[in-house]
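K.L.:
Handing you a structure now.
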Amino acid sequence: MVNYKELIKINSEVRSGKPCVRDTRISVFDVLNWLANGMTFNEIIDDFPELNYEDISACLAYASERERKLSHAS
């Protein structure tokens with residue numbers, strides 16, 4: 001599993017503090033939404049060349065970890 005903590009950044013001055021990929025304005029939500037709507041890794045990278053496979057995997061890992069934490073909290 002990719003270490004998302006090195007790739008996903010939260011900056012209160014960027015996208016209202018939403019978690020984003022590295023120093024881009026592309027949020028984890030954006031990437032997850034594209035994947036949920038059927039875009040492939042390659043299509044996302046074609047549209048957003050500042051992203052790579054590891055970045056997209058980091059978004060999935062971040063979401064997975066967040067979901068795991070939420071399910072253990074209830």
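Naming scheme: A, B, ... for chains in displayed order of the structure tokens; residues 1 onward per chain; ligands 1 onward as shown.
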Which residues come within 6 Å of stretch 21-35 of chain A, counting only C-alpha atoms, excluding same-chain residues fewer than 3 positions away, as number ranges by chain?
P.N.:
A: 7-9, 38-39, 59
K.L.:
Using DSSP secondary structure from the backbone, list all strand (DSSP E) positions within chain A, as a list in words.
P.N.:
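The residues of chain A classed as strand (DSSP E) are Ile8, Lys9, Cys20 and Val21 of chain A.
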K.L.:
With only C-alpha atoms as the atoms that count, which of A:Tyr53, A:Tyr4, A:Phe48, A:Phe41 lies nearest to A:Pro19?
P.N.:
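Once distances to A:Pro19 are computed over only C-alpha atoms, the minimum belongs to A:Tyr4.
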K.L.:
As a count of residues only, which residues of stretch 3-71 of chain A does DSSP assign to helix (DSSP H, G or I)?
P.N.:
41
K.L.:
Would you pick out the contacts of A:Val2 at 7 Å or less, using only C-alpha atoms, so that residues sharing its chain but fewer than 3 positions from it are not included, and give the list as a list in words?
P.N.:
Ser57, Ala58 and Ala61 of chain A
K.L.:
Nearest to A:Leu60 among A:Ala73, A:Ala36, A:Lys18, A:Ile45, with distances taken over only C-alpha atoms: which residue is it?
P.N.:
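Closest to A:Leu60 of all the choices is A:Ala36.
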